[in-house]
Amino acid sequence: MAQLELHPDRMLPADPGLRPVAREIYDSVRDLPIISPHGHVPAQWLAEDEPFGDPTSLLITPDHYVNRMLHASGVGLDQLGVGQESSSAQQSRQAFRLLCAHWSAYRGTPIRFWLESELAEIFELDIAPSAETADALYDAIADKLSRPEFRPRALYDRFNLQFLATTDDPCDDLRHHRALAEDPGFNGTVAPTFRPDRYLEAGRAEWIGLVDALGEASGCDTGSYDGWVAAMENRRAFFKANGAVSTDHSHADVQAVPLTPAEAGRLYALARQGHLGGAEADTLRRHFMFEQARMASEDGLVMTLHPAVFRNHHAETHRRFGADVGVDIPMAVEFTKALQPMLSAFGTAENFQVILFTIDETVYSRELAPLAGFYPSVFIGVPWWFIDAPDAMARFRAAVTETAGFTRTSGFIDDTRAYLSIPARHDLSRRIDAGYLARLVGEHRLSLDAAIETARDLVSDNPRTAFKLGR
Amino acid sequence: MAQLELHPDRMLPADPGLRPVAREIYDSVRDLPIISPHGHVPAQWLAEDEPFGDPTSLLITPDHYVNRMLHASGVGLDQLGVGQESSSAQQSRQAFRLLCAHWSAYRGTPIRFWLESELAEIFELDIAPSAETADALYDAIADKLSRPEFRPRALYDRFNLQFLATTDDPCDDLRHHRALAEDPGFNGTVAPTFRPDRYLEAGRAEWIGLVDALGEASGCDTGSYDGWVAAMENRRAFFKANGAVSTDHSHADVQAVPLTPAEAGRLYALARQGHLGGAEADTLRRHFMFEQARMASEDGLVMTLHPAVFRNHHAETHRRFGADVGVDIPMAVEFTKALQPMLSAFGTAENFQVILFTIDETVYSRELAPLAGFYPSVFIGVPWWFIDAPDAMARFRAAVTETAGFTRTSGFIDDTRAYLSIPARHDLSRRIDAGYLARLVGEHRLSLDAAIETARDLVSDNPRTAFKLGR
Amino acid sequence: MAQLELHPDRMLPADPGLRPVAREIYDSVRDLPIISPHGHVPAQWLAEDEPFGDPTSLLITPDHYVNRMLHASGVGLDQLGVGQESSSAQQSRQAFRLLCAHWSAYRGTPIRFWLESELAEIFELDIAPSAETADALYDAIADKLSRPEFRPRALYDRFNLQFLATTDDPCDDLRHHRALAEDPGFNGTVAPTFRPDRYLEAGRAEWIGLVDALGEASGCDTGSYDGWVAAMENRRAFFKANGAVSTDHSHADVQAVPLTPAEAGRLYALARQGHLGGAEADTLRRHFMFEQARMASEDGLVMTLHPAVFRNHHAETHRRFGADVGVDIPMAVEFTKALQPMLSAFGTAENFQVILFTIDETVYSRELAPLAGFYPSVFIGVPWWFIDAPDAMARFRAAVTETAGFTRTSGFIDDTRAYLSIPARHDLSRRIDAGYLARLVGEHRLSLDAAIETARDLVSDNPRTAFKLGR
């Protein structure tokens with residue numbers, strides 16, 4: 001059986017002059033607590049602290065990063081348990097075998113880095129995945145998962161997590177967050193994030209029912225536009241009272257353009273009757289976004305924008321397996337023109353902050369760094385989703401730092417539902433930033449002391465500032 | 001006279017730690033057979049096996065890569081024999097002198113790498129090009145070209161070619177391909193490629209005559225839309241029967257959007273009468289493309305897309321010298337939205353495969369890798385044309401691997417009419433991939449064994465899989 | 001107090017094999033004269049040769065590169081003297097303290113490189129900026145500025161400037177340029193640049209008054225379109241007679257599309273009456289641009305295009321502080337289609353030259369290198385403004401060289417109003433180009449001799465060719 005061995009210097013620069021510098025920088029941040037201000041781990045896991053299930057239902061089925069590569073390699077999503085209520089023990093084992101048999105398809109991807117880190121560092125296994133080792137690995141992981149030290153809260157402590165944000169529907173009652181906050185046995189912080197996307201897309205069939213529910217949750221009559229505004233303000237306040245620091249928005253574009261109250265009301269009324277067409281629905285959504293920004297300038301919740309992904313690109317896959325199964329494909333995005341009305345209105349407002357994420361790397365040097373290099377309210381989000389990866393992270397630093405320095409960037413976010421991958425994801429980010437900083441040192445652009453200080457800031461100060469976490 | 005010496009480690013990483021690793025990886029693939037599944041060498045050359053003419057008519061006149069840089073340096077295309085039936089011996093010699101005198105303009109380009117490789121490795125010359133050495137080089141090359149071992153078939157063997165695809169008009173009778181297939185004296189494989197572009201552009205003046213010819217070649221009446229479909233299916237079948245594995249498509253965009261049969265028929269009838277305007281011609285072309293995809297899902301020919309080039313950008317040059325003379329300029333391109341209808345319909349169909357090439361590097365990480373990272377039918381084409389070059393190749397691997405790994409890429413294509421450049425082009429690709437893999441090894445992201453296996457896959461398995469060449 | 005020490009190898013590659021090669025290449029160009037063919041230093045400074053004022057009014061207030069990062073860090077532009085007639089001694093000192101206190105925000109930016117170079121090499125100070133050292137630095141700089149050897153002309157000589165272009169309004173009487181040309185005590189060359197932007201934007205409120213002034217300056221009646229053309233030709237000739245070599249154009253796009261004379265006349269008449277709407281104003285501007293190109297093909301002034309920046313993005317900042325204060329944000333730009341009419345008309349005209357600058361890096365390999373790799377009239381401008389920075393410069397060379405070589409690039413431009421930063425900016429460019437060339441040497445893509453020759457060309461021949469400066 002091939003050994004799984006993680007090299008301590010993995011992902012650091014190969015250059016023999018830079019390697020020791022990078023290692024010194026990395027060593028200075030390796031063990032700092034993890035701040036995870038944007039992600040998708042369910043609060044329920046920590047609130048209930050139940051043991052995780054089998055390896056497949058934890059590591060494969062819910063992780064669209066893992067699944068999509070298997071699908072591209074010819075494996076059906078149904079073979080991985082996707083879209084099913086539950087899987088038999090045999091199905092789970094078989095899915096794990098498929099992953100291991102296709103291990104070479106993950107060469108060069110961070111998915112491989114994360115999973116190998118999980119195997120070696122969390123499960124303390126030294127067997128490399130392959131068709132031959134699948135069962136042994138499966139059994140070993142299953143055994144560990146049954147132990148108390150692998151329960152969610154134990155892992156929270158072991159991971160050295162300091163702050164963990166979830167992503168939540170505005171109508172969510174946040175019962176799990178509240179339970180955790182009131183639980184004297186839990187010392188961590190699990191904060192909700194307000195994600196109102198669906199309530200802003202007034203052209204979709206589901207919208208009317210959603211705003212009805214919003215009305216119920218908030219106690220505001222969402223039959224009128226004014227009621228929608230009041231309901232949003234109410235739910236944002238509820239989230240903030242329960243620890244939320246940010247709101248999250250993912251639409252086809254980032255336009256935020258105000259309408260007159262009369263025009264907003266007119267479109268809202270049409271939407272309530274189910275009569276709002278595509279272009280007008282976009283117009284209303286862009287006004288809603290402007291309203292979210294206005295609310296943010298008042299309640300101080302940080303906006304995070306994750307735009308421009310074509311969701312559910314393959315119709316039949318969506319029909320059979322639902323959303324978030326690996327077939328969301330990024331598109332080009334434009335920030336400069338789109339954000340001008342919003343930033344002209346709130347860009348220097350004291351309470352307002354917005355973090356701009358993208359998978360379209362072209363905007364880093366062209367738009368995001370110049371924006372964050374002027375507006376005190378704008379922060380550049382680190383690479384996200386597909387580009388949460390070593391070379392892409394290095395390109396990100398190279399693209400934005402020369403215009404915006406380090407202070408205008410968000411700090412790492414893992415944006416993951418794969419709870420066990422959180423340490424590996426943050427570790428990878430720390431390694432790549434150390435490598436970038438080492439290059440600046442090697443090129444005499446920064447002293448080693450300044451590089452080490454910067455590395456610590458990126459892990460600690462930057463997320464605290466960008467997400468208003470306090471010190 | 002300055003010596004021409006090729007360093008054995010050229011194009012490998014300079015880093016002293018990575019160089020030996022890259023060399024070991026490169027050595028493991030250097031001598032593997034060449035698979036060339038997309039290019040423009042005329043089958044006639046191999047079928048007739050005549051000696052090549054003078055150095056200029058082989059190396060300069062037909063090669064728009066070479067010519068455009070001379071043109072940019074102030075040399076008229078007429079001085080290079082472009083657009084002329086033939087050149088005198090003196091004209092050919094003079095054109096070669098112009099190339100040599102402008103040799104420094106090619107510094108840093110792959111064109112220089114290819115030509116120097118040809119001089120040193122095919123012609124076994126050790127004289128660097130310059131104004132002073134032009135005549136000596138010209139005479140030495142001319143002397144070699146007159147020898148039997150420099151005839152097309154002898155070079156096919158010497159180049160270690162295993163598969164060579166040409167690019168052909170749907171009406172082509174493929175006589176040369178058939179002659180080669182039936183010739184017991186030729187052991188190679190020369191396959192046609194079905195390139196129907198002109199038959200899909202119903203707004204152009206030439207279109208009516210073209211589909212008339214298509215009707216004649218296929219025996220189907222192309223007076224109606226149904227006849228066009230039948231004719232296309234007929235010619236695709238003919239190409240497939242003669243060894244074709246793929247079809248090639250190069251339009252302004254990659255949209256493929258189906259119309260109802262009635263609407264397709266209506267637009268087709270208008271086009272037959274010469275009454276189809278620009279926007280409607282695009283609409284019909286996008287429907288035609290959808291039809292090509294539907295046919296591909298049935299006959300299994302692999303689609304290759306090479307979109308978004310502004311052809312014949314300079315009007316007078318086009319008028320005087322015709323097409324393909326170095327003044328085709330790339331444009332931005334969009335894949336995610338444009339391909340959604342086609343991939344939603346055929347993206348998981350068993351027989352369907354499509355390879356996406358681009359000169360717009362922005363789509364690599366943003367669109368192509370995510371698409372190929374989900375759809376089993378989608379492969380990412382390696383850098384093409386202007387970006388078939390060392391640094392661009394390295395950027396390509398860095399941009400796509402982290403999302404899509406190695407298995408979802410096409411393998412190298414040379415896409416060239418410059419027959420003698422084929423070995424150098426494939427060699428360059430092997431060197432750059434070796435350098436990229438060496439970096440992954442140096443950064444402890446991949447073991448050396450896995451890197452060597454991957455390098456071999458990229459040269460052998462990947463093109464066989466992407467182009468369905470069998471093993 | 002922390003020492004400020006500039007490493008002699010700063011910005012050269014860290015790789016131990018490449019460093020000595022880069023140093024040898026850099027050493028060969030380090031002391032060559034500076035050619036600055038595009039910038040914003042006022043000719044008045046050199047004509048009058050008055051001492052500069054206090055450190056803040058020289059180094060901070062007018063420099064939007066410096067200011068915008070302070071603004072992003074929470075410092076108001078009013079605290080930096082922006083938009084004010086003058087500042088008190090105390091205000092100036094306080095602004096300098098703010099810069100020093102925020103010194104860490106500039107980590108990784110070229111702004112830091114420039115300022116540190118100025119401190120160490122021009123002011124010969126060895127104190128690193130910090131809150132603690134601000135006053136000492138301020139006093140030391142103020143002391144130097146009062147000395148004769150820090151006057152503009154003395155610095156011109158000390159900087160080894162050979163050619164310096166300013167940027168000027170078409171109505172400018174160029175009195176300072178003429179004074180310098182006639183002054184036997186000044187041996188340098190200070191050339192004006194014709195920048196007619198505002199006279200082409202016929203949809204703006206200011207336009208009517210501007211073309212009235214243009215009529216007065218030229219003696220042509222700009223009440224009609226023909227008069228506008230005559231006035232433009234007249235002023236271009238005046239500029240050329242006073243040493244201008246180029247014209248500069250910065251609009252939202254680079255389209256240049258001719259209208260019929262009748263249509264141009266019709267739109268012009270509407271504009272004179274203040275009745276030209278946004279879309280028609282764009283149409284007229286694009287025709288005006290075509291006319292500028294036509295004039296350039298006749299008078300031979302080189303066109304430089306600097307397109308696609310959203311000016312004055314934050315409305316209130318514009319209102320309070322005016323233009324050019326750090327809140328101009330780049331946008332995506334398209335060249336291939338936009339320039340086709342212009343290049344099809346003038347792209348091979350003997351007298352015509354155009355240099356294409358961009359902040360949108362995506363066009364380098366996709367559009368600009370292919371255009372410059374065919375058209376003898378097209379040159380690729382080096383990275384500009386936000387991307388006038390080490391890594392961006394390296395990306396530029398890697399993106400364009402493989403398609404267009406070195407000869408088709410413009411040579412460095414500093415584009416700065418920060419007179420004291422000119423040597424550091426050119427020095428940085430020389431270092432980065434040396435590093436890029438060293439890599440080509442290290443990868444055996446270029447001999448060291450050829451690399452040294454190329455480095456000298458980039459500093460000397462390329463700007464002379466692109467800007468028609470003669471030898």
# chains A, B, ... in the order shown; residues from 1 in each chain; ligands from 1

call {"tool": "interface_residues", "arguments": {"of": "chain C", "to": "chain B", "cutoff": "7 Å", "atoms": "only C-alpha atoms", "output": "list in words"}}
result
Asp15, Gly17, Thr336, Gln340, Leu343, Ser344, Thr362, Arg366, Glu367, Pro370, Leu371, Ala372, Gly373, Phe374, Tyr375, Pro376, Ala398, Thr401, Glu402, Thr403, Gly405, Phe406, Thr407, Gly442, Glu443, His444 and Arg445 of chain C

call {"tool": "write_last_selection", "arguments": {"atoms": "C-alpha atoms", "output": "PDB file, in the first residue's frame"}}
result
ATOM      1  CA  ASP C  15      16.342  32.786  -7.940  1.00  0.00           C
ATOM      2  CA  GLY C  17      20.767  31.370 -10.777  1.00  0.00           C
ATOM      3  CA  THR C 336     -10.108  44.313 -31.811  1.00  0.00           C
ATOM      4  CA  GLN C 340     -10.927  47.829 -36.981  1.00  0.00           C
ATOM      5  CA  LEU C 343      -6.680  50.377 -38.629  1.00  0.00           C
ATOM      6  CA  SER C 344      -8.288  49.230 -41.827  1.00  0.00           C
ATOM      7  CA  THR C 362      -6.780  40.665 -20.495  1.00  0.00           C
ATOM      8  CA  ARG C 366      -5.677  38.393 -26.763  1.00  0.00           C
ATOM      9  CA  GLU C 367      -5.785  41.665 -28.697  1.00  0.00           C
ATOM     10  CA  PRO C 370      -1.845  40.143 -32.220  1.00  0.00           C
ATOM     11  CA  LEU C 371      -2.579  43.685 -33.473  1.00  0.00           C
ATOM     12  CA  ALA C 372       0.999  44.879 -32.979  1.00  0.00           C
ATOM     13  CA  GLY C 373       2.210  41.578 -34.383  1.00  0.00           C
ATOM     14  CA  PHE C 374       0.726  42.472 -37.755  1.00  0.00           C
ATOM     15  CA  TYR C 375       0.250  46.242 -38.114  1.00  0.00           C
ATOM     16  CA  PRO C 376       3.527  48.130 -38.482  1.00  0.00           C
ATOM     17  CA  ALA C 398       5.150  37.354 -20.443  1.00  0.00           C
ATOM     18  CA  THR C 401       6.461  38.920 -25.998  1.00  0.00           C
ATOM     19  CA  GLU C 402       5.554  35.448 -27.205  1.00  0.00           C
ATOM     20  CA  THR C 403       3.237  36.938 -29.824  1.00  0.00           C
ATOM     21  CA  GLY C 405       8.444  40.084 -29.489  1.00  0.00           C
ATOM     22  CA  PHE C 406      10.136  43.104 -27.949  1.00  0.00           C
ATOM     23  CA  THR C 407      10.283  45.465 -30.904  1.00  0.00           C
ATOM     24  CA  GLY C 442      18.120  31.069 -17.766  1.00  0.00           C
ATOM     25  CA  GLU C 443      15.633  29.044 -19.761  1.00  0.00           C
ATOM     26  CA  HIS C 444      17.957  29.133 -22.783  1.00  0.00           C
ATOM     27  CA  ARG C 445      15.479  31.090 -24.826  1.00  0.00           C
TER      28      ARG C 445
END

call {"tool": "residues_around", "arguments": {"residues": "Cys100 in chain A", "least_positions_apart": "6", "cutoff": "12 Å", "atoms": "only C-alpha atoms", "output": "CSV table (one decimal) with all heavy atoms, in the first residue's frame"}}
result
chain,number,residue,atom,x,y,z
A,56,THR,N,-18.7,8.4,3.7
A,56,THR,CA,-19.2,8.9,2.5
A,56,THR,C,-20.2,10.1,2.7
A,56,THR,O,-20.1,11.1,2.1
A,56,THR,CB,-19.9,7.8,1.7
A,56,THR,OG1,-18.9,6.9,1.2
A,56,THR,CG2,-20.7,8.4,0.5
A,60,ILE,N,-18.1,12.8,1.1
A,60,ILE,CA,-18.4,12.8,-0.4
A,60,ILE,C,-19.7,13.4,-0.7
A,60,ILE,O,-19.8,14.4,-1.4
A,60,ILE,CB,-18.3,11.4,-0.9
A,60,ILE,CG1,-16.9,10.8,-0.6
A,60,ILE,CG2,-18.6,11.4,-2.4
A,60,ILE,CD1,-16.7,9.4,-1.1
A,66,VAL,N,-15.8,17.6,-4.5
A,66,VAL,CA,-15.4,16.2,-4.7
A,66,VAL,C,-16.3,15.6,-5.8
A,66,VAL,O,-15.7,14.9,-6.7
A,66,VAL,CB,-15.6,15.4,-3.4
A,66,VAL,CG1,-15.3,14.0,-3.6
A,66,VAL,CG2,-14.6,16.0,-2.3
A,70,LEU,N,-15.7,13.6,-9.9
A,70,LEU,CA,-16.1,12.2,-10.2
A,70,LEU,C,-17.1,12.1,-11.3
A,70,LEU,O,-17.0,11.3,-12.2
A,70,LEU,CB,-16.6,11.5,-8.9
A,70,LEU,CG,-15.6,11.2,-7.9
A,70,LEU,CD1,-16.3,10.7,-6.6
A,70,LEU,CD2,-14.6,10.1,-8.4
A,93,ARG,N,-20.0,2.5,1.0
A,93,ARG,CA,-18.7,1.9,0.8
A,93,ARG,C,-18.3,2.0,-0.7
A,93,ARG,O,-17.2,2.3,-1.0
A,93,ARG,CB,-18.7,0.5,1.3
A,93,ARG,CG,-17.3,-0.2,1.2
A,93,ARG,CD,-17.3,-1.6,1.8
A,93,ARG,NE,-17.5,-1.6,3.2
A,93,ARG,CZ,-16.5,-1.5,4.1
A,93,ARG,NH1,-15.2,-1.4,3.6
A,93,ARG,NH2,-16.7,-1.5,5.4
A,94,GLN,N,-19.3,1.7,-1.5
A,94,GLN,CA,-19.0,1.7,-3.0
A,94,GLN,C,-18.7,3.1,-3.5
A,94,GLN,O,-17.8,3.3,-4.3
A,94,GLN,CB,-20.3,1.1,-3.7
A,94,GLN,CG,-20.1,1.0,-5.2
A,94,GLN,CD,-18.9,0.1,-5.6
A,94,GLN,OE1,-18.4,-0.8,-4.8
A,94,GLN,NE2,-18.3,0.4,-6.7
A,106,TYR,N,-7.7,13.8,-9.4
A,106,TYR,CA,-7.6,15.0,-8.5
A,106,TYR,C,-6.2,15.6,-8.5
A,106,TYR,O,-5.9,16.5,-7.8
A,106,TYR,CB,-8.1,14.7,-7.1
A,106,TYR,CG,-9.5,14.3,-7.0
A,106,TYR,CD1,-10.0,13.0,-7.2
A,106,TYR,CD2,-10.5,15.3,-6.8
A,106,TYR,CE1,-11.3,12.7,-7.1
A,106,TYR,CE2,-11.8,15.0,-6.7
A,106,TYR,CZ,-12.2,13.7,-6.8
A,106,TYR,OH,-13.6,13.4,-6.8
A,112,ARG,N,-7.6,17.5,-3.6
A,112,ARG,CA,-6.7,16.4,-3.2
A,112,ARG,C,-5.9,16.9,-1.9
A,112,ARG,O,-5.7,16.1,-1.0
A,112,ARG,CB,-5.7,16.1,-4.3
A,112,ARG,CG,-4.7,15.0,-4.1
A,112,ARG,CD,-4.0,14.7,-5.4
A,112,ARG,NE,-2.8,14.0,-5.2
A,112,ARG,CZ,-2.6,12.8,-5.8
A,112,ARG,NH1,-3.5,12.2,-6.5
A,112,ARG,NH2,-1.4,12.1,-5.6
A,115,LEU,N,-8.3,16.7,1.1
A,115,LEU,CA,-8.6,15.4,1.6
A,115,LEU,C,-7.4,14.7,2.2
A,115,LEU,O,-7.5,14.0,3.2
A,115,LEU,CB,-9.2,14.6,0.4
A,115,LEU,CG,-10.7,14.9,0.1
A,115,LEU,CD1,-11.1,14.3,-1.3
A,115,LEU,CD2,-11.6,14.5,1.2
A,116,GLU,N,-6.3,14.8,1.5
A,116,GLU,CA,-5.1,14.2,2.1
A,116,GLU,C,-4.7,14.8,3.5
A,116,GLU,O,-4.3,14.1,4.4
A,116,GLU,CB,-3.9,14.3,1.1
A,116,GLU,CG,-4.1,13.4,-0.1
A,116,GLU,CD,-2.8,13.4,-1.0
A,116,GLU,OE1,-1.9,14.2,-0.8
A,116,GLU,OE2,-2.8,12.5,-1.9
A,127,ILE,N,-2.2,6.0,4.8
A,127,ILE,CA,-2.4,5.2,3.6
A,127,ILE,C,-2.9,6.1,2.5
A,127,ILE,O,-3.9,6.8,2.6
A,127,ILE,CB,-3.5,4.1,3.8
A,127,ILE,CG1,-3.2,3.3,5.1
A,127,ILE,CG2,-3.7,3.2,2.6
A,127,ILE,CD1,-4.4,2.4,5.6
A,128,ALA,N,-2.2,6.0,1.3
A,128,ALA,CA,-2.7,6.9,0.2
A,128,ALA,C,-3.9,6.2,-0.5
A,128,ALA,O,-4.0,5.0,-0.6
A,128,ALA,CB,-1.5,7.0,-0.8
A,129,PRO,N,-4.9,7.1,-0.9
A,129,PRO,CA,-6.1,6.5,-1.5
A,129,PRO,C,-5.8,5.9,-2.8
A,129,PRO,O,-5.0,6.4,-3.6
A,129,PRO,CB,-7.0,7.8,-1.7
A,129,PRO,CG,-6.4,8.8,-0.7
A,129,PRO,CD,-5.0,8.5,-0.6
A,130,SER,N,-6.4,4.7,-3.1
A,130,SER,CA,-6.3,4.0,-4.4
A,130,SER,C,-7.4,3.0,-4.3
A,130,SER,O,-8.0,2.7,-3.3
A,130,SER,CB,-4.9,3.4,-4.5
A,130,SER,OG,-4.8,2.3,-3.6
A,131,ALA,N,-7.6,2.3,-5.5
A,131,ALA,CA,-8.6,1.3,-5.5
A,131,ALA,C,-8.3,0.2,-4.5
A,131,ALA,O,-9.2,-0.3,-3.8
A,131,ALA,CB,-8.7,0.7,-6.9
A,132,GLU,N,-7.1,0.0,-4.3
A,132,GLU,CA,-6.7,-1.1,-3.4
A,132,GLU,C,-6.9,-0.7,-1.9
A,132,GLU,O,-7.1,-1.6,-1.1
A,132,GLU,CB,-5.2,-1.5,-3.6
A,132,GLU,CG,-4.9,-2.1,-4.9
A,132,GLU,CD,-5.0,-1.1,-6.1
A,132,GLU,OE1,-4.6,0.0,-5.9
A,132,GLU,OE2,-5.5,-1.6,-7.2
A,133,THR,N,-6.7,0.5,-1.6
A,133,THR,CA,-6.8,0.9,-0.2
A,133,THR,C,-8.1,1.5,0.2
A,133,THR,O,-8.3,1.8,1.4
A,133,THR,CB,-5.7,2.0,0.1
A,133,THR,OG1,-6.1,3.2,-0.7
A,133,THR,CG2,-4.3,1.6,-0.3
A,134,ALA,N,-9.1,1.5,-0.7
A,134,ALA,CA,-10.4,2.1,-0.4
A,134,ALA,C,-11.0,1.5,0.9
A,134,ALA,O,-11.4,2.3,1.8
A,134,ALA,CB,-11.3,2.0,-1.6
A,135,ASP,N,-11.1,0.2,0.9
A,135,ASP,CA,-11.8,-0.4,2.1
A,135,ASP,C,-11.1,-0.1,3.4
A,135,ASP,O,-11.8,0.1,4.4
A,135,ASP,CB,-12.0,-1.9,1.8
A,135,ASP,CG,-13.2,-2.1,0.8
A,135,ASP,OD1,-13.9,-1.1,0.5
A,135,ASP,OD2,-13.4,-3.3,0.4
A,136,ALA,N,-9.8,-0.3,3.3
A,136,ALA,CA,-9.1,-0.1,4.6
A,136,ALA,C,-9.3,1.4,5.1
A,136,ALA,O,-9.5,1.6,6.3
A,136,ALA,CB,-7.6,-0.4,4.3
A,137,LEU,N,-9.2,2.3,4.2
A,137,LEU,CA,-9.4,3.7,4.6
A,137,LEU,C,-10.8,3.9,5.1
A,137,LEU,O,-11.0,4.6,6.1
A,137,LEU,CB,-9.2,4.6,3.3
A,137,LEU,CG,-7.7,5.0,3.0
A,137,LEU,CD1,-7.6,5.7,1.7
A,137,LEU,CD2,-7.1,5.9,4.1
A,138,TYR,N,-11.8,3.4,4.4
A,138,TYR,CA,-13.2,3.5,4.8
A,138,TYR,C,-13.4,3.0,6.2
A,138,TYR,O,-14.0,3.7,7.0
A,138,TYR,CB,-14.1,2.8,3.8
A,138,TYR,CG,-15.5,3.0,4.0
A,138,TYR,CD1,-16.2,4.1,3.4
A,138,TYR,CD2,-16.3,2.2,4.8
A,138,TYR,CE1,-17.5,4.3,3.5
A,138,TYR,CE2,-17.6,2.4,5.0
A,138,TYR,CZ,-18.3,3.5,4.3
A,138,TYR,OH,-19.6,3.7,4.5

call {"tool": "atom_distance", "arguments": {"atom1": "CA of Val378 in chain A", "atom2": "CA of Thr304 in chain A"}}
result
10.0 Å

call {"tool": "select_by_dssp", "arguments": {"residues": "range 125-185 of chain A", "states": "helix (DSSP H, G or I)", "output": "MDAnalysis selection string"}}
result
chainID A and resid 134:145 148:150 152:158 175:182

call {"tool": "select_by_dssp", "arguments": {"residues": "range 231-353 of chain C", "states": "strand (DSSP E or B)", "output": "PyMOL selection string"}}
result
chain C and resi 246-249+302-305+309-310+329-330
